[in-house]
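> I am sharing structure_8.cif, which consists of mmCIF, C-alpha atoms:
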```
data_coords
loop_
_atom_site.label_atom_id
_atom_site.label_comp_id
_atom_site.auth_asym_id
_atom_site.auth_seq_id
_atom_site.Cartn_x
_atom_site.Cartn_y
_atom_site.Cartn_z
CA MET V 1 149.12 214.30 205.93
CA SER V 2 150.43 213.37 209.35
CA GLY V 3 148.54 210.10 209.07
CA HIS V 4 150.29 209.47 205.80
CA ASP V 5 153.63 210.28 207.39
CA SER V 6 153.30 207.79 210.21
CA HIS V 7 152.11 205.25 207.68
CA ALA V 8 155.12 205.65 205.48
CA HIS V 9 157.45 206.17 208.36
CA ALA V 10 158.99 202.72 208.11
CA GLY V 11 161.50 204.46 205.92
CA GLY V 12 161.28 207.96 207.20
CA HIS V 13 162.55 207.96 203.72
CA ASP V 14 160.30 210.31 201.84
CA GLU V 15 161.25 213.17 204.11
CA HIS V 16 165.01 213.12 203.97
CA GLU V 17 165.26 211.70 200.49
CA HIS V 18 167.97 213.13 198.36
CA LYS V 19 167.06 215.90 196.03
CA PRO V 20 164.41 214.35 193.77
CA THR V 21 165.47 213.89 190.21
CA SER V 22 164.05 216.74 188.17
CA MET V 23 161.57 216.26 185.38
CA SER V 24 164.00 217.64 182.84
CA THR V 25 166.52 214.95 183.79
CA TYR V 26 163.92 212.24 183.16
CA LEU V 27 162.96 213.68 179.81
CA GLY V 28 166.61 214.16 178.90
CA VAL V 29 167.29 210.49 179.65
CA ALA V 30 164.25 209.53 177.59
CA ALA V 31 165.64 211.50 174.65
CA VAL V 32 169.08 209.90 175.01
CA LEU V 33 167.53 206.41 175.16
CA THR V 34 165.60 207.15 172.00
CA VAL V 35 168.66 208.42 170.15
CA LEU V 36 170.75 205.43 171.26
CA THR V 37 168.10 203.00 170.04
CA ILE V 38 167.98 204.74 166.67
CA ILE V 39 171.76 204.59 166.44
CA GLU V 40 171.65 200.89 167.28
CA ILE V 41 169.48 199.95 164.36
CA GLY V 42 169.64 202.83 161.94
CA PRO V 43 172.74 203.63 159.95
CA LEU V 44 174.42 200.98 161.91
CA PHE V 45 174.21 198.37 159.25
CA GLU V 46 177.19 200.27 157.91
CA TRP V 47 179.21 199.86 161.03
CA TYR V 48 177.89 196.45 162.04
CA ASN V 49 181.03 195.11 160.48
CA LEU V 50 182.93 196.52 163.45
CA GLY V 51 181.63 193.49 165.33
CA VAL V 52 179.56 193.32 168.46
CA ALA V 53 181.64 195.66 170.65
CA PRO V 54 179.94 198.98 169.73
CA LEU V 55 176.54 197.39 170.32
CA LEU V 56 177.62 196.16 173.74
CA VAL V 57 178.83 199.64 174.66
CA LEU V 58 175.51 201.19 173.60
CA SER V 59 173.53 198.65 175.54
CA VAL V 60 175.64 199.17 178.67
CA VAL V 61 175.03 202.92 178.43
CA LYS V 62 171.26 202.41 178.12
CA PHE V 63 171.33 199.91 180.98
CA ALA V 64 173.26 202.29 183.23
CA LEU V 65 170.97 205.24 182.47
CA VAL V 66 167.89 203.29 183.47
CA VAL V 67 169.45 201.77 186.58
CA PHE V 68 171.15 204.86 187.95
CA ILE V 69 168.60 207.52 187.02
CA PHE V 70 165.21 205.84 186.56
CA MET V 71 165.75 203.36 189.39
CA HIS V 72 167.57 206.05 191.43
CA LEU V 73 170.40 203.66 192.20
CA GLY V 74 172.83 206.56 191.77
CA PRO V 75 171.45 209.10 194.26
CA ASP V 76 169.79 206.53 196.57
CA GLU V 77 171.19 205.04 199.78
CA PRO V 78 174.45 203.10 199.24
CA ILE V 79 172.97 199.92 200.72
CA TYR V 80 171.01 199.31 197.50
CA LYS V 81 174.18 199.51 195.43
CA LYS V 82 175.87 197.09 197.80
CA ILE V 83 173.08 194.61 197.23
CA PHE V 84 172.55 194.97 193.54
CA VAL V 85 175.89 195.76 191.95
CA PRO V 86 177.76 192.60 193.09
CA SER V 87 174.98 190.37 191.76
CA LEU V 88 174.92 192.27 188.53
CA LEU V 89 178.67 191.89 188.16
CA LEU V 90 178.48 188.17 188.96
CA ALA V 91 175.74 187.67 186.37
CA GLY V 92 177.75 189.68 183.84
CA LEU V 93 180.87 187.67 184.58
CA MET V 94 178.99 184.41 184.15
CA VAL V 95 177.61 185.52 180.79
CA THR V 96 181.01 186.72 179.60
CA VAL V 97 182.78 183.54 180.63
CA MET V 98 180.20 181.37 178.90
CA MET V 99 180.36 183.45 175.74
CA LEU V 100 184.10 183.15 175.54
CA LEU V 101 184.22 179.46 176.49
CA PHE V 102 181.63 178.45 173.95
CA GLY V 103 182.73 180.76 171.17
CA SER V 104 179.37 182.49 171.07
CA PHE V 105 180.73 185.30 168.93
CA THR V 106 181.90 182.92 166.25
CA ARG V 107 179.66 181.84 163.44
CA ALA V 108 179.59 178.14 162.71
CA GLU V 109 181.10 178.49 159.27
CA GLN V 110 183.98 180.50 160.71
CA MET V 111 184.83 177.98 163.38
CA ALA V 112 188.36 176.81 162.91
CA TYR V 113 187.71 173.74 165.00
CA LYS V 114 187.16 170.77 162.70
CA GLY V 115 186.93 168.02 165.29
CA PRO V 116 183.80 166.63 166.88
CA VAL V 117 181.60 169.38 168.30
CA LEU V 118 178.78 168.16 170.53
CA GLY V 119 178.82 164.83 168.75
CA TYR V 120 179.21 166.35 165.33
CA VAL V 121 181.25 164.22 162.97
CA ALA V 122 182.80 165.72 159.89
CA ALA V 123 181.02 164.56 156.75
CA PRO V 124 182.89 161.87 154.84
CA PRO V 125 183.85 162.71 151.27
CA PRO V 126 180.97 161.99 148.90
CA LYS V 127 181.09 158.44 147.62
CA VAL V 128 181.98 158.15 144.00
CA GLU V 129 179.48 155.87 142.31
CA THR V 130 181.03 153.09 140.34
CA PRO V 131 180.54 153.79 136.66
CA GLU V 132 178.11 151.45 134.94
CA GLY V 133 180.66 150.03 132.54
CA GLU V 134 182.95 148.90 135.30
CA ALA V 135 180.16 147.00 137.03
CA GLY V 136 179.75 144.83 133.93
CA SER V 137 183.46 144.13 133.60
CA GLY V 138 184.00 142.75 137.07
CA ALA V 139 181.15 140.68 138.46
CA ALA V 140 183.57 139.21 140.96
CA ALA V 141 184.50 142.64 142.26
CA GLY V 142 180.81 143.42 142.65
CA ALA V 143 180.23 140.30 144.64
CA GLU V 144 183.18 141.14 146.83
CA GLN V 145 181.65 144.52 147.61
CA VAL V 146 178.38 142.94 148.64
CA ALA V 147 180.25 140.58 150.88
CA ALA V 148 182.18 143.50 152.39
CA ALA V 149 179.05 145.55 153.07
CA PRO V 150 178.09 143.89 156.35
CA ALA V 151 181.44 145.08 157.73
CA VAL V 152 179.43 148.10 158.93
CA ASP V 153 177.42 146.92 161.88
CA GLY V 154 174.04 148.62 161.95
CA ALA V 155 173.61 147.92 165.65
CA GLU V 156 176.93 149.63 166.31
CA VAL V 157 175.91 152.69 164.31
CA PHE V 158 172.64 152.77 166.19
CA LYS V 159 174.37 152.58 169.54
CA THR V 160 176.65 155.49 168.67
CA ASN V 161 174.19 157.85 167.03
CA CYS V 162 170.60 156.98 167.79
CA VAL V 163 170.25 155.85 171.40
CA ALA V 164 170.38 159.39 172.74
CA CYS V 165 166.88 159.98 171.40
CA HIS V 166 165.45 156.58 170.63
CA GLY V 167 166.72 154.79 173.72
CA PRO V 168 169.21 151.92 174.07
CA GLU V 169 166.61 149.39 173.02
CA ALA V 170 165.01 151.66 170.44
CA LYS V 171 161.87 151.75 172.57
CA GLY V 172 161.72 155.50 172.32
CA GLY V 173 162.59 158.52 174.44
CA VAL V 174 162.74 161.97 172.94
CA GLY V 175 162.26 160.24 169.61
CA PRO V 176 159.59 157.65 168.81
CA ASN V 177 159.66 153.94 169.56
CA LEU V 178 161.14 152.07 166.60
CA THR V 179 160.19 148.54 167.65
CA ASP V 180 156.43 148.79 167.26
CA ALA V 181 154.41 148.83 164.08
CA GLU V 182 153.56 152.50 164.41
CA TRP V 183 155.55 154.85 162.18
CA LYS V 184 155.10 158.48 163.05
CA ASN V 185 157.02 159.95 160.16
CA GLY V 186 156.99 157.99 156.92
CA GLY V 187 156.37 154.31 156.50
CA GLY V 188 157.95 151.20 157.95
CA THR V 189 159.42 149.52 154.91
CA LEU V 190 163.19 149.31 154.61
CA ALA V 191 163.16 151.99 151.90
CA ASP V 192 160.93 154.26 154.00
CA ILE V 193 163.19 153.95 157.03
CA GLU V 194 166.24 154.67 154.95
CA ALA V 195 164.53 157.74 153.46
CA THR V 196 163.65 159.07 156.91
CA ILE V 197 167.20 158.62 158.13
CA ASN V 198 168.56 160.20 154.96
CA ASN V 199 166.31 163.21 154.92
CA GLY V 200 165.49 163.75 158.57
CA VAL V 201 162.15 165.03 159.78
CA ALA V 202 161.69 168.78 159.51
CA GLY V 203 160.95 170.55 162.75
CA THR V 204 162.20 167.74 164.97
CA ALA V 205 165.54 166.69 166.37
CA MET V 206 165.73 164.05 163.64
CA ILE V 207 168.30 165.58 161.35
CA SER V 208 169.45 164.42 157.97
CA TRP V 209 172.06 161.81 158.80
CA THR V 210 173.62 161.25 155.40
CA PRO V 211 176.18 164.05 155.74
CA LEU V 212 177.25 162.69 159.11
CA LEU V 213 177.21 158.95 158.57
CA GLY V 214 177.62 158.46 154.87
CA ALA V 215 175.42 156.26 152.71
CA GLU V 216 176.95 153.00 153.86
CA LYS V 217 176.27 153.47 157.55
CA VAL V 218 172.79 154.80 156.82
CA LYS V 219 172.02 151.61 154.89
CA ALA V 220 173.37 149.49 157.70
CA VAL V 221 171.46 151.25 160.42
CA SER V 222 168.28 151.24 158.31
CA ALA V 223 168.53 147.49 158.01
CA TYR V 224 169.09 147.24 161.73
CA VAL V 225 166.05 149.39 162.57
CA HIS V 226 163.98 147.44 160.06
CA SER V 227 165.01 144.22 161.74
CA LEU V 228 163.76 145.40 165.15
CA GLY V 229 160.31 144.04 164.45
CA GLY V 230 158.28 147.10 163.64
CA GLY V 231 159.17 147.02 159.98
CA LYS V 232 156.88 145.66 157.30
CA MET G 1 184.33 198.05 216.97
CA SER G 2 182.18 194.99 217.33
CA SER G 3 180.63 196.22 220.58
CA ASP G 4 179.91 199.48 218.84
CA HIS G 5 178.17 197.57 216.12
CA SER G 6 175.94 195.54 218.41
CA ALA G 7 175.02 198.68 220.36
CA VAL G 8 173.69 200.17 217.16
CA SER G 9 171.57 197.18 216.26
CA VAL G 10 170.08 197.07 219.77
CA HIS G 11 169.36 200.76 219.67
CA GLU G 12 167.74 200.96 216.32
CA HIS G 13 164.29 199.68 215.69
CA PRO G 14 164.74 196.23 214.12
CA PRO G 15 162.25 196.72 211.27
CA ALA G 16 164.48 199.34 209.65
CA SER G 17 167.95 198.55 210.89
CA PHE G 18 169.55 199.77 207.68
CA GLY G 19 167.76 203.07 207.92
CA VAL G 20 165.89 202.43 204.69
CA PRO G 21 162.40 201.05 204.07
CA ASN G 22 162.40 197.30 204.49
CA LEU G 23 160.12 196.84 201.51
CA LYS G 24 162.53 198.58 199.20
CA LEU G 25 165.56 196.84 200.69
CA ALA G 26 163.91 193.46 200.27
CA PHE G 27 162.90 194.32 196.75
CA TRP G 28 166.44 195.19 195.73
CA LEU G 29 167.47 191.81 197.15
CA PHE G 30 164.86 190.16 194.98
CA LEU G 31 166.12 192.07 191.94
CA ALA G 32 169.66 190.96 192.72
CA SER G 33 168.52 187.34 192.66
CA ASP G 34 166.49 187.93 189.51
CA CYS G 35 169.71 189.21 187.95
CA MET G 36 171.21 185.79 188.49
CA LEU G 37 168.16 184.09 186.99
CA PHE G 38 168.37 186.08 183.80
CA GLY G 39 172.16 185.88 183.84
CA SER G 40 171.97 182.10 183.73
CA LEU G 41 169.28 182.08 181.03
CA ILE G 42 171.27 184.48 178.86
CA ALA G 43 174.46 182.51 179.45
CA THR G 44 172.67 179.33 178.40
CA TYR G 45 171.33 180.97 175.26
CA LEU G 46 174.76 182.25 174.32
CA SER G 47 176.49 178.96 175.07
CA TYR G 48 174.37 177.23 172.46
CA ARG G 49 174.41 180.13 170.04
CA GLY G 50 175.42 179.08 166.55
CA LYS G 51 175.65 175.39 167.44
CA ASP G 52 172.54 174.39 165.49
CA GLN G 53 174.43 175.35 162.35
CA LEU G 54 176.90 172.57 163.10
CA PHE G 55 174.09 170.06 162.93
CA GLY G 56 172.35 171.69 160.01
CA ASN G 57 169.33 171.84 162.26
CA GLY G 58 167.36 175.01 161.53
CA PRO G 59 165.56 177.32 161.60
CA TYR G 60 168.31 179.76 162.56
CA PRO G 61 167.85 183.19 164.14
CA LEU G 62 168.29 185.15 160.92
CA ASP G 63 165.64 183.02 159.18
CA LEU G 64 163.12 184.38 161.66
CA PHE G 65 164.15 187.70 163.17
CA SER G 66 162.61 190.91 161.97
CA VAL G 67 164.77 193.70 163.36
CA GLU G 68 162.12 196.31 162.52
CA VAL G 69 159.38 194.66 164.56
CA THR G 70 161.64 193.96 167.52
CA THR G 71 163.00 197.51 167.48
CA ILE G 72 159.47 198.88 167.76
CA SER G 73 158.67 196.62 170.70
CA THR G 74 162.01 197.50 172.33
CA PHE G 75 161.28 201.19 171.95
CA ASP G 76 157.81 200.62 173.34
CA LEU G 77 159.26 199.02 176.47
CA LEU G 78 161.89 201.76 176.87
CA MET G 79 159.19 204.42 176.73
CA SER G 80 157.17 202.54 179.32
CA SER G 81 160.11 203.10 181.68
CA VAL G 82 159.79 206.82 181.03
CA THR G 83 156.07 206.83 181.82
CA MET G 84 156.86 204.81 184.94
CA VAL G 85 159.27 207.42 186.36
CA LEU G 86 156.66 210.06 185.59
CA ALA G 87 154.13 208.07 187.64
CA VAL G 88 156.55 207.86 190.56
CA ALA G 89 157.29 211.59 190.30
CA ALA G 90 153.57 212.36 190.16
CA ILE G 91 152.70 210.46 193.32
CA GLN G 92 155.61 212.09 195.07
CA ARG G 93 154.05 215.47 194.24
CA GLY G 94 150.70 214.11 195.43
CA ASN G 95 149.13 214.51 192.00
CA MET G 96 146.70 211.61 191.83
CA PHE G 97 145.38 212.40 188.36
CA GLN G 98 148.84 212.23 186.80
CA THR G 99 149.74 209.17 188.87
CA ARG G 100 146.77 207.33 187.39
CA LEU G 101 147.47 208.61 183.91
CA TRP G 102 151.10 207.49 183.85
CA LEU G 103 150.43 204.20 185.61
CA GLY G 104 147.72 203.43 183.07
CA LEU G 105 149.97 204.35 180.16
CA THR G 106 152.82 202.24 181.51
CA ALA G 107 150.52 199.23 181.82
CA LEU G 108 149.24 199.86 178.29
CA LEU G 109 152.75 200.03 176.82
CA GLY G 110 153.62 196.86 178.73
CA ALA G 111 150.58 195.10 177.33
CA ILE G 112 151.56 196.19 173.82
CA PHE G 113 155.00 194.68 174.36
CA VAL G 114 153.44 191.39 175.45
CA GLY G 115 151.28 191.56 172.32
CA PHE G 116 154.38 191.93 170.17
CA GLN G 117 155.89 188.92 171.86
CA GLY G 118 152.75 186.90 171.28
CA TYR G 119 152.90 187.82 167.61
CA GLU G 120 156.59 186.92 167.45
CA PHE G 121 156.18 183.55 169.16
CA THR G 122 153.25 182.64 166.92
CA HIS G 123 155.14 183.68 163.81
CA PHE G 124 158.31 181.80 164.83
CA TYR G 125 156.36 178.70 165.75
CA LEU G 126 154.58 178.61 162.42
CA GLU G 127 157.94 179.06 160.69
CA GLY G 128 159.07 175.85 162.34
CA LEU G 129 160.83 176.99 165.52
CA LYS G 130 159.74 174.47 168.13
CA LEU G 131 160.52 174.44 171.84
CA GLN G 132 162.18 171.04 171.46
CA GLY G 133 163.12 171.29 167.80
CA ASN G 134 166.63 172.67 168.13
CA LEU G 135 168.97 174.42 170.53
CA PHE G 136 167.98 177.87 169.34
CA GLY G 137 164.29 177.10 169.85
CA SER G 138 164.73 175.77 173.38
CA THR G 139 167.03 178.49 174.64
CA PHE G 140 165.25 181.34 172.85
CA TYR G 141 161.75 180.45 174.02
CA VAL G 142 162.85 179.84 177.60
CA LEU G 143 164.80 183.10 177.85
CA THR G 144 162.30 185.40 176.18
CA GLY G 145 159.40 183.47 177.71
CA PHE G 146 160.70 184.14 181.22
CA HIS G 147 161.10 187.77 180.31
CA GLY G 148 157.60 187.99 178.83
CA THR G 149 156.20 186.41 181.98
CA HIS G 150 157.94 189.10 184.02
CA VAL G 151 156.40 191.80 181.83
CA THR G 152 152.95 190.23 182.13
CA LEU G 153 153.21 190.10 185.91
CA GLY G 154 154.36 193.71 185.87
CA VAL G 155 151.30 194.75 183.88
CA VAL G 156 149.06 192.97 186.38
CA TRP G 157 150.87 194.64 189.27
CA LEU G 158 150.54 198.12 187.75
CA LEU G 159 146.87 197.58 187.01
CA LEU G 160 146.31 196.47 190.61
CA VAL G 161 147.99 199.63 191.88
CA LEU G 162 145.95 201.71 189.46
CA ALA G 163 142.72 200.00 190.51
CA THR G 164 143.55 200.52 194.19
CA THR G 165 143.68 204.28 193.66
CA PHE G 166 139.98 204.16 192.81
CA THR G 167 138.98 202.26 195.97
CA LYS G 168 138.66 203.29 199.56
CA HIS G 169 142.09 201.75 200.14
CA LYS G 170 143.73 204.41 198.02
CA SER G 171 145.84 205.56 200.97
CA MET G 172 147.76 202.30 200.53
CA VAL G 173 149.10 203.62 197.26
CA THR G 174 152.05 205.47 198.72
CA HIS G 175 155.09 206.86 197.03
CA LEU G 176 157.05 203.89 198.36
CA ASN G 177 154.67 201.33 196.90
CA VAL G 178 154.60 202.95 193.48
CA GLU G 179 158.35 203.32 193.56
CA VAL G 180 158.85 199.61 194.25
CA ALA G 181 156.48 198.68 191.43
CA GLY G 182 158.60 201.02 189.32
CA LEU G 183 161.81 199.28 190.34
CA TYR G 184 160.38 196.00 189.08
CA TRP G 185 159.25 197.61 185.88
CA HIS G 186 162.62 199.20 185.15
CA PHE G 187 164.37 195.96 185.93
CA VAL G 188 162.29 194.15 183.34
CA ASP G 189 163.22 196.90 180.91
CA ILE G 190 166.97 196.63 181.49
CA VAL G 191 166.83 192.87 181.06
CA TRP G 192 165.25 193.48 177.67
CA ILE G 193 167.97 196.00 176.77
CA VAL G 194 170.48 193.18 177.22
CA ILE G 195 168.37 190.59 175.40
CA PHE G 196 167.76 192.94 172.48
CA THR G 197 171.49 193.40 171.99
CA LEU G 198 172.77 189.90 172.67
CA VAL G 199 169.97 187.90 171.10
CA TYR G 200 168.74 190.09 168.26
CA LEU G 201 171.21 192.77 167.18
CA MET G 202 174.28 190.58 167.59
CA GLU G 203 172.99 188.34 164.80
CA TYR G 204 173.46 191.16 162.33
CA THR G 205 177.11 191.82 163.19
CA VAL G 206 179.90 190.07 161.41
#
```
As structure tokens, how would this structure be written, given the file I've shared?


Amino acid sequence: MSGHDSHAHAGGHDEHEHKPTSMSTYLGVAAVLTVLTIIEIGPLFEWYNLGVAPLLVLSVVKFALVVFIFMHLGPDEPIYKKIFVPSLLLAGLMVTVMMLLFGSFTRAEQMAYKGPVLGYVAAPPPKVETPEGEAGSGAAAGAEQVAAAPAVDGAEVFKTNCVACHGPEAKGGVGPNLTDAEWKNGGGTLADIEATINNGVAGTAMISWTPLLGAEKVKAVSAYVHSLGGGK
Amino acid sequence: MSSDHSAVSVHEHPPASFGVPNLKLAFWLFLASDCMLFGSLIATYLSYRGKDQLFGNGPYPLDLFSVEVTTISTFDLLMSSVTMVLAVAAIQRGNMFQTRLWLGLTALLGAIFVGFQGYEFTHFYLEGLKLQGNLFGSTFYVLTGFHGTHVTLGVVWLLLVLATTFTKHKSMVTHLNVEVAGLYWHFVDIVWIVIFTLVYLMEYTV
């Protein structure tokens, strides 16, 4: 035993340690942790509509029980508190600030902010298709529309929306190269490209662009991508 | 005052100038820095929370989460903290049989938790949540992946301590060493308490 003592003497800690936490305290804490966890998920779907605050309180209580009793931070030497508590508070402050700044508590559909969010552009109103009859009555008007179509510059649309993933020269980055003859998702005809841009590619960063750009810009940028050389 | 201070540090033996075991002091310092690691990962997760919905870029948390499964794994990890304090108490009493028993059980509960996480990751991945697919995927996998790695290392650590008690080096398994392993284990548990609330349960609130 004396050999053990000199071995562990670095602390001299075991000997003059504060009164060891009793077994009943440990088991009591275990019971409380169990009850709190049941409260968190059990009947709570009733009071989940109180928001996140009650959950945060419960989790802070569980956290504190483990830190102060299981990790002995409460009864142990004050130096450990001086080390740990400031870091914990800093980390907590950082999390809180980020949550508030970024509106982490707010669901997307509840966000009052309608402007651009991380590059998000509000969807344009759905285009009303020209009724068939009207098309027959004004061939001139139809021609005018065709002439007006190139007003949307596909290259411009590409530069604004696509370069982040496909690179400034469409040679690829996060997303695939669009200038070669290899088409990872869908084919390389003009219609295929337009379909991919319209529908997106599930499971990738390629989202459905129609709600963001509108049909006209999608057409323009499809033509642009098709013209880059990889198209068939 | 300052001369008083320097007199103390000259007098005391440098290896324990705070009057506490250096190992434990250093370990609390490590835990303090680990706090910042997880703080930044959680802050990142929360910053991007709900933003995928703006892009219509799923899958979203509620498409994937199963609160029942995660509650079981959370409870499993909480109970492993209980077995851990029992192991520390046992070695303090010098009861080697109970020390081994509780250490082994703690490692087992930890391994079960890692198993749950493996199941969850596989399930989420097959449901379309990719590491680079959307913001939720990236931040979720990185946060819970770092936590799962911590748990895995903890299991390895506990098993090493347990194995050492069966070798001729068993005198190395002191109360202090088991206690420090316990500190790590409890820390991993409290990080999960926070993750469980902020990542999982919060999704179900209004």

> With only C-alpha atoms as the atoms that count, which of G:Gly133, G:Gly19, G:Gly50, G:Gly110 lies nearest to Val156 of chain G?

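The closest residue to Val156 of chain G is G:Gly110.
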
> Hey, what comes out of the PyMOL selection byres ((chain V and resi 202) around 12) on this file? Could you write it as number ranges by chain?

V: 185, 196-201, 203-208; G: 56-59, 127-130, 133-134

> Quick one: distance from atom CA of Leu103 of chain G to atom CA of Thr167 of chain G in Å, one decimal?

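Separating atom CA of Leu103 of chain G from atom CA of Thr167 of chain G is a distance of 15.6 Å.
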
> Which residue is closest to Asp192 of chain V? Choose from V:His166, V:Pro54, V:Ala215, V:His226 and count only C-alpha atoms.

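Once distances to Asp192 of chain V are computed over only C-alpha atoms, the minimum belongs to V:His226.
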
> Would you mind listing what lies within 8 Å of segment 66-83 of chain V as a PyMOL selection string, with only C-alpha atoms counted and same-chain residues fewer than 5 positions away left out?

(chain V and resi 17-18+21+26) or (chain G and resi 18+20+25+28-29+32+81-82+85+182-183+186-187+190)

> For the selection you just gave me, I'd like the residues written to a file as a PDB file, in the frame of the given file, keeping C-alpha atoms.


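File selection-v1.pdb, as written:
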```pdb
ATOM      1  CA  GLU V  17     165.260 211.700 200.490  1.00  0.00           C
ATOM      2  CA  HIS V  18     167.970 213.130 198.360  1.00  0.00           C
ATOM      3  CA  THR V  21     165.470 213.890 190.210  1.00  0.00           C
ATOM      4  CA  TYR V  26     163.920 212.240 183.160  1.00  0.00           C
TER       5      TYR V  26
ATOM      6  CA  PHE G  18     169.550 199.770 207.680  1.00  0.00           C
ATOM      7  CA  VAL G  20     165.890 202.430 204.690  1.00  0.00           C
ATOM      8  CA  LEU G  25     165.560 196.840 200.690  1.00  0.00           C
ATOM      9  CA  TRP G  28     166.440 195.190 195.730  1.00  0.00           C
ATOM     10  CA  LEU G  29     167.470 191.810 197.150  1.00  0.00           C
ATOM     11  CA  ALA G  32     169.660 190.960 192.720  1.00  0.00           C
ATOM     12  CA  SER G  81     160.110 203.100 181.680  1.00  0.00           C
ATOM     13  CA  VAL G  82     159.790 206.820 181.030  1.00  0.00           C
ATOM     14  CA  VAL G  85     159.270 207.420 186.360  1.00  0.00           C
ATOM     15  CA  GLY G 182     158.600 201.020 189.320  1.00  0.00           C
ATOM     16  CA  LEU G 183     161.810 199.280 190.340  1.00  0.00           C
ATOM     17  CA  HIS G 186     162.620 199.200 185.150  1.00  0.00           C
ATOM     18  CA  PHE G 187     164.370 195.960 185.930  1.00  0.00           C
ATOM     19  CA  ILE G 190     166.970 196.630 181.490  1.00  0.00           C
TER      20      ILE G 190
END
```

> From the options V:Leu93, V:Ala195, V:Met99, V:Ala53, which residue's atoms come nearest to chain G, counting all atoms listed in the file?

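Comparing V:Leu93, V:Ala195, V:Met99, V:Ala53 against chain G, the winner is V:Met99.
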
> Please determine, counting all atoms listed in the file, which residue among G:Thr165, G:Thr83, G:Thr152, G:Ser138 has the shortest atom-to-atom distance to Thr106 of chain G.

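Going through G:Thr165, G:Thr83, G:Thr152, G:Ser138 one by one, the smallest distance to Thr106 of chain G is for G:Thr83.
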
> Record the distance separating atom CA of Tyr125 of chain G and atom CA of Tyr60 of chain G, expressed in Å with one decimal.

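Between atom CA of Tyr125 of chain G and atom CA of Tyr60 of chain G the gap works out to 12.4 Å.
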
> Please determine, counting only C-alpha atoms, which residue among G:Ala163, G:Ala87, G:Val194, G:Leu41 has the shortest atom-to-atom distance to Phe146 of chain G.

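Using only C-alpha atoms, Phe146 of chain G sits closest to G:Leu41.
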
> Using only C-alpha atoms, pick whichever of G:Ser66, G:Asp52, G:Val180, G:Leu86 has the shortest atom-to-atom distance to Leu101 of chain G.

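Of all the options, G:Leu86 lies closest to Leu101 of chain G.
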
> Need to verify the contact set: segment 28-39 of chain V, 8 Å, all atoms listed in the file, exclusion of same-chain residues closer than 5 positions in sequence. Can you return it as a VMD selection string?

(chain V and resid 44 58 62 65) or (chain G and resid 71 75 78 to 79 82)
